[in-house]
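Trainee: Below is the file query_9.cif, which contains mmCIF, C-alpha atoms.
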```
data_work
#
loop_
_atom_site.group_PDB
_atom_site.id
_atom_site.type_symbol
_atom_site.label_atom_id
_atom_site.label_comp_id
_atom_site.auth_asym_id
_atom_site.auth_seq_id
_atom_site.Cartn_x
_atom_site.Cartn_y
_atom_site.Cartn_z
ATOM 1 C CA MET A 1 -16.846 -6.190 5.872
ATOM 2 C CA LEU A 2 -13.687 -4.109 5.555
ATOM 3 C CA GLN A 3 -12.814 -1.847 2.658
ATOM 4 C CA ILE A 4 -9.438 -0.387 1.685
ATOM 5 C CA ALA A 5 -9.521 3.307 2.517
ATOM 6 C CA TYR A 6 -5.852 4.011 1.802
ATOM 7 C CA ARG A 7 -2.899 2.337 0.082
ATOM 8 C CA ALA A 8 0.226 3.480 1.847
ATOM 9 C CA ARG A 9 3.762 3.612 0.501
ATOM 10 C CA ASP A 10 5.033 1.719 3.543
ATOM 11 C CA ILE A 11 3.905 0.344 6.877
ATOM 12 C CA THR A 12 4.855 3.521 8.746
ATOM 13 C CA GLU A 13 2.647 5.707 6.570
ATOM 14 C CA ALA A 14 -0.183 3.200 6.948
ATOM 15 C CA HIS A 15 0.008 3.517 10.727
ATOM 16 C CA ILE A 16 0.075 7.311 10.510
ATOM 17 C CA VAL A 17 -3.110 7.335 8.448
ATOM 18 C CA ALA A 18 -4.730 4.712 10.698
ATOM 19 C CA GLY A 19 -3.910 6.900 13.701
ATOM 20 C CA LEU A 20 -5.465 9.885 11.973
ATOM 21 C CA LEU A 21 -8.639 7.936 11.290
ATOM 22 C CA GLU A 22 -8.816 6.566 14.827
ATOM 23 C CA ALA A 23 -8.314 10.072 16.242
ATOM 24 C CA ASN A 24 -11.442 11.040 14.291
ATOM 25 C CA GLY A 25 -13.525 8.151 15.629
ATOM 26 C CA ILE A 26 -13.041 5.674 12.779
ATOM 27 C CA GLU A 27 -11.770 2.222 13.676
ATOM 28 C CA ALA A 28 -8.932 1.393 11.269
ATOM 29 C CA PHE A 29 -6.875 -1.722 10.651
ATOM 30 C CA VAL A 30 -3.458 -1.848 8.999
ATOM 31 C CA GLY A 31 -2.774 -4.803 6.733
ATOM 32 C CA GLY A 32 0.422 -5.927 5.068
ATOM 33 C CA HIS A 33 2.682 -6.475 8.057
ATOM 34 C CA TYR A 34 3.672 -9.999 7.070
ATOM 35 C CA LEU A 35 4.063 -9.235 3.368
ATOM 36 C CA GLN A 36 6.432 -6.391 4.152
ATOM 37 C CA GLY A 37 8.652 -8.663 6.254
ATOM 38 C CA ALA A 38 8.762 -11.327 3.566
ATOM 39 C CA LEU A 39 10.500 -8.955 1.171
ATOM 40 C CA GLY A 40 13.142 -7.902 3.678
ATOM 41 C CA GLU A 41 15.162 -4.865 2.689
ATOM 42 C CA ILE A 42 13.583 -4.536 -0.757
ATOM 43 C CA GLY A 43 11.251 -1.553 -0.789
ATOM 44 C CA ALA A 44 7.979 -3.258 0.010
ATOM 45 C CA ALA A 45 5.829 -0.459 -1.297
ATOM 46 C CA GLY A 46 2.201 -1.006 -2.108
ATOM 47 C CA PHE A 47 1.581 -3.840 0.355
ATOM 48 C CA SER A 48 0.441 -1.737 3.310
ATOM 49 C CA ASN A 49 -3.226 -0.856 3.328
ATOM 50 C CA VAL A 50 -5.529 0.840 5.802
ATOM 51 C CA HIS A 51 -8.902 -0.877 6.097
ATOM 52 C CA VAL A 52 -12.123 0.489 7.570
ATOM 53 C CA ASP A 53 -15.678 -0.781 7.964
ATOM 54 C CA ASP A 54 -18.065 -0.257 5.055
ATOM 55 C CA GLU A 55 -20.080 2.404 6.853
ATOM 56 C CA ASP A 56 -16.924 4.445 7.614
ATOM 57 C CA LEU A 57 -15.427 4.329 4.119
ATOM 58 C CA TYR A 58 -16.790 7.655 2.830
ATOM 59 C CA GLN A 59 -15.733 9.633 5.903
ATOM 60 C CA ALA A 60 -12.332 7.889 5.970
ATOM 61 C CA ARG A 61 -11.624 8.804 2.355
ATOM 62 C CA GLN A 62 -12.591 12.417 3.082
ATOM 63 C CA LEU A 63 -10.117 12.529 5.971
ATOM 64 C CA VAL A 64 -7.421 10.922 3.814
ATOM 65 C CA THR A 65 -7.997 13.518 1.093
ATOM 66 C CA GLU A 66 -7.630 16.301 3.662
ATOM 67 C CA TYR A 67 -4.472 14.643 5.022
ATOM 68 C CA GLU A 68 -2.920 14.427 1.553
ATOM 69 C CA ALA A 69 -3.829 18.040 0.788
ATOM 70 C CA SER A 70 -2.288 19.301 4.029
ATOM 71 C CA ALA A 71 0.822 17.148 3.568
ATOM 72 C CA GLY A 72 1.256 18.466 0.047
ATOM 73 C CA GLY A 73 2.583 15.062 -0.924
ATOM 74 C CA SER A 74 1.773 12.609 -3.631
ATOM 75 C CA SER A 75 -1.559 10.911 -3.549
ATOM 76 C CA SER A 76 -1.577 7.280 -2.468
ATOM 77 C CA HIS A 77 -5.336 7.209 -2.232
ATOM 78 C CA VAL A 78 -6.958 3.959 -3.284
ATOM 79 C CA THR A 79 -8.209 5.517 -6.536
ATOM 80 C CA ASP A 80 -4.693 6.530 -7.601
ATOM 81 C CA GLY A 81 -3.631 4.328 -10.515
ATOM 82 C CA ALA A 82 -0.425 5.999 -11.672
ATOM 83 C CA ASP A 83 2.180 3.593 -13.029
ATOM 84 C CA ASP A 84 5.133 5.647 -11.807
ATOM 85 C CA ARG A 85 4.580 4.822 -8.143
ATOM 86 C CA PRO A 86 7.496 3.118 -6.340
ATOM 87 C CA ASP A 87 5.594 -0.164 -5.941
ATOM 88 C CA HIS A 88 5.257 -0.398 -9.715
ATOM 89 C CA TYR A 89 9.037 -0.419 -10.108
ATOM 90 C CA ALA A 90 9.506 -2.850 -7.237
ATOM 91 C CA ARG A 91 7.097 -5.325 -8.862
ATOM 92 C CA TRP A 92 8.917 -5.114 -12.182
ATOM 93 C CA PHE A 93 12.249 -5.566 -10.412
ATOM 94 C CA LEU A 94 10.969 -8.702 -8.667
ATOM 95 C CA LEU A 95 9.574 -10.061 -11.932
ATOM 96 C CA VAL A 96 12.869 -9.531 -13.766
ATOM 97 C CA LEU A 97 14.778 -11.040 -10.845
ATOM 98 C CA ALA A 98 12.556 -14.149 -10.931
ATOM 99 C CA ILE A 99 12.990 -14.572 -14.694
ATOM 100 C CA VAL A 100 16.765 -14.214 -14.486
ATOM 101 C CA GLY A 101 16.824 -16.714 -11.622
ATOM 102 C CA LEU A 102 14.819 -19.230 -13.652
ATOM 103 C CA LEU A 103 17.072 -18.788 -16.667
ATOM 104 C CA LEU A 104 20.203 -19.277 -14.573
ATOM 105 C CA PHE A 105 18.666 -22.332 -12.923
ATOM 106 C CA GLN A 106 18.003 -23.898 -16.343
ATOM 107 C CA ILE A 107 21.573 -23.272 -17.509
ATOM 108 C CA TYR A 108 23.084 -25.178 -14.596
#
```
How does the structure come out when it is put into structure tokens?
Mentor:
Amino acid sequence: MLQIAYRARDITEAHIVAGLLEANGIEAFVGGHYLQGALGEIGAAGFSNVHVDDEDLYQARQLVTEYEASAGGSSSHVTDGADDRPDHYARWFLLVLAIVGLLLFQIY
């Protein structure tokens, strides 16, 4: 069974992390390709995940932690639950857009 080892900001970052894991002997799979395309040019953040086998999860998360520390960037690790991430805003934008669309549809 596969577990999410990393939630990437976008598909490119997911492939970078998957490459890092594979370079260290961990087979990694990137998910979210089709979801990203469905949203088009809207920032499809939060839909790209890196999956690994159960037995590789601990080592993969260690490598991801080292990667984030060396990059000096924000943490997108699976345990990160901050509400100020870009995907949080994109979800709210899509929700508001859907509500406005429904209201306009009812008016006409």
Trainee: Run the PyMOL selection byres ((chain A and resi 55) around 12) mentally over the shown coordinates, then write out the matched residues as a list in words, using the chain letters and numbers from the document.
Mentor: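 Going through the file, the PyMOL selection byres ((chain A and resi 55) around 12) ends up selecting Met1, Leu2, Gln3, Ala5, Ile26, Glu27, His51, Val52, Asp53, Asp54, Asp56, Leu57, Tyr58, Gln59, Ala60 and Arg61 of chain A.
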Trainee: Selection from above, C-alpha atoms, as a short mmCIF file (atom, residue, chain, number, x, y, z; two decimals), in the coordinates of the input, can you write it?
Mentor:
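Dumped to out_12.cif:
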```
data_model
loop_
_atom_site.label_atom_id
_atom_site.label_comp_id
_atom_site.auth_asym_id
_atom_site.auth_seq_id
_atom_site.Cartn_x
_atom_site.Cartn_y
_atom_site.Cartn_z
CA MET A 1 -16.85 -6.19 5.87
CA LEU A 2 -13.69 -4.11 5.56
CA GLN A 3 -12.81 -1.85 2.66
CA ALA A 5 -9.52 3.31 2.52
CA ILE A 26 -13.04 5.67 12.78
CA GLU A 27 -11.77 2.22 13.68
CA HIS A 51 -8.90 -0.88 6.10
CA VAL A 52 -12.12 0.49 7.57
CA ASP A 53 -15.68 -0.78 7.96
CA ASP A 54 -18.07 -0.26 5.06
CA ASP A 56 -16.92 4.44 7.61
CA LEU A 57 -15.43 4.33 4.12
CA TYR A 58 -16.79 7.66 2.83
CA GLN A 59 -15.73 9.63 5.90
CA ALA A 60 -12.33 7.89 5.97
CA ARG A 61 -11.62 8.80 2.36
#
```
Trainee: For atom CA of A:Val64 and atom CA of A:Phe47, determine how far apart the two atoms are, in Å to one decimal place.
Mentor: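 Atom CA of A:Phe47 lies 17.6 Å from atom CA of A:Val64.
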Trainee: For A:Ala28, which residue out of A:Ala14, A:Ile107, A:Leu97, A:Ala69 is the nearest one, using all atoms listed in the file?
Mentor: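 Once distances to A:Ala28 are computed over all atoms listed in the file, the minimum belongs to A:Ala14.
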Trainee: Step by step, work through what the PyMOL selection byres ((chain A and resi 11) around 8) selects in the shown file, and finish by giving those residues as a ChimeraX atom specification.
Mentor: /A:8-10,12-15,30,32-33,36,48
Trainee: Write a file of the just-selected residues containing C-alpha atoms, as a short mmCIF file (atom, residue, chain, number, x, y, z; two decimals), keeping the file's coordinate frame.
Mentor:
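The new file again.cif reads:
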```cif
data_model
loop_
_atom_site.label_atom_id
_atom_site.label_comp_id
_atom_site.auth_asym_id
_atom_site.auth_seq_id
_atom_site.Cartn_x
_atom_site.Cartn_y
_atom_site.Cartn_z
CA ALA A 8 0.23 3.48 1.85
CA ARG A 9 3.76 3.61 0.50
CA ASP A 10 5.03 1.72 3.54
CA THR A 12 4.86 3.52 8.75
CA GLU A 13 2.65 5.71 6.57
CA ALA A 14 -0.18 3.20 6.95
CA HIS A 15 0.01 3.52 10.73
CA VAL A 30 -3.46 -1.85 9.00
CA GLY A 32 0.42 -5.93 5.07
CA HIS A 33 2.68 -6.48 8.06
CA GLN A 36 6.43 -6.39 4.15
CA SER A 48 0.44 -1.74 3.31
#
```
Trainee: Which residue, A:Ile4, A:Leu20, A:Val100, A:Leu94, has the smallest gap to A:Glu68 when you use all atoms listed in the file?
Mentor: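 Closest to A:Glu68, using all atoms listed in the file: A:Leu20.
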Trainee: At what distance in Å, to one decimal, does atom CA of A:Trp92 lie from atom CA of A:Ala71?
Mentor: 28.4 Å
Trainee: In Å, rounded to a single decimal, give me how far atom CA of A:Leu63 is from atom CA of A:Phe29.
Mentor: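 It comes out at 15.3 Å.
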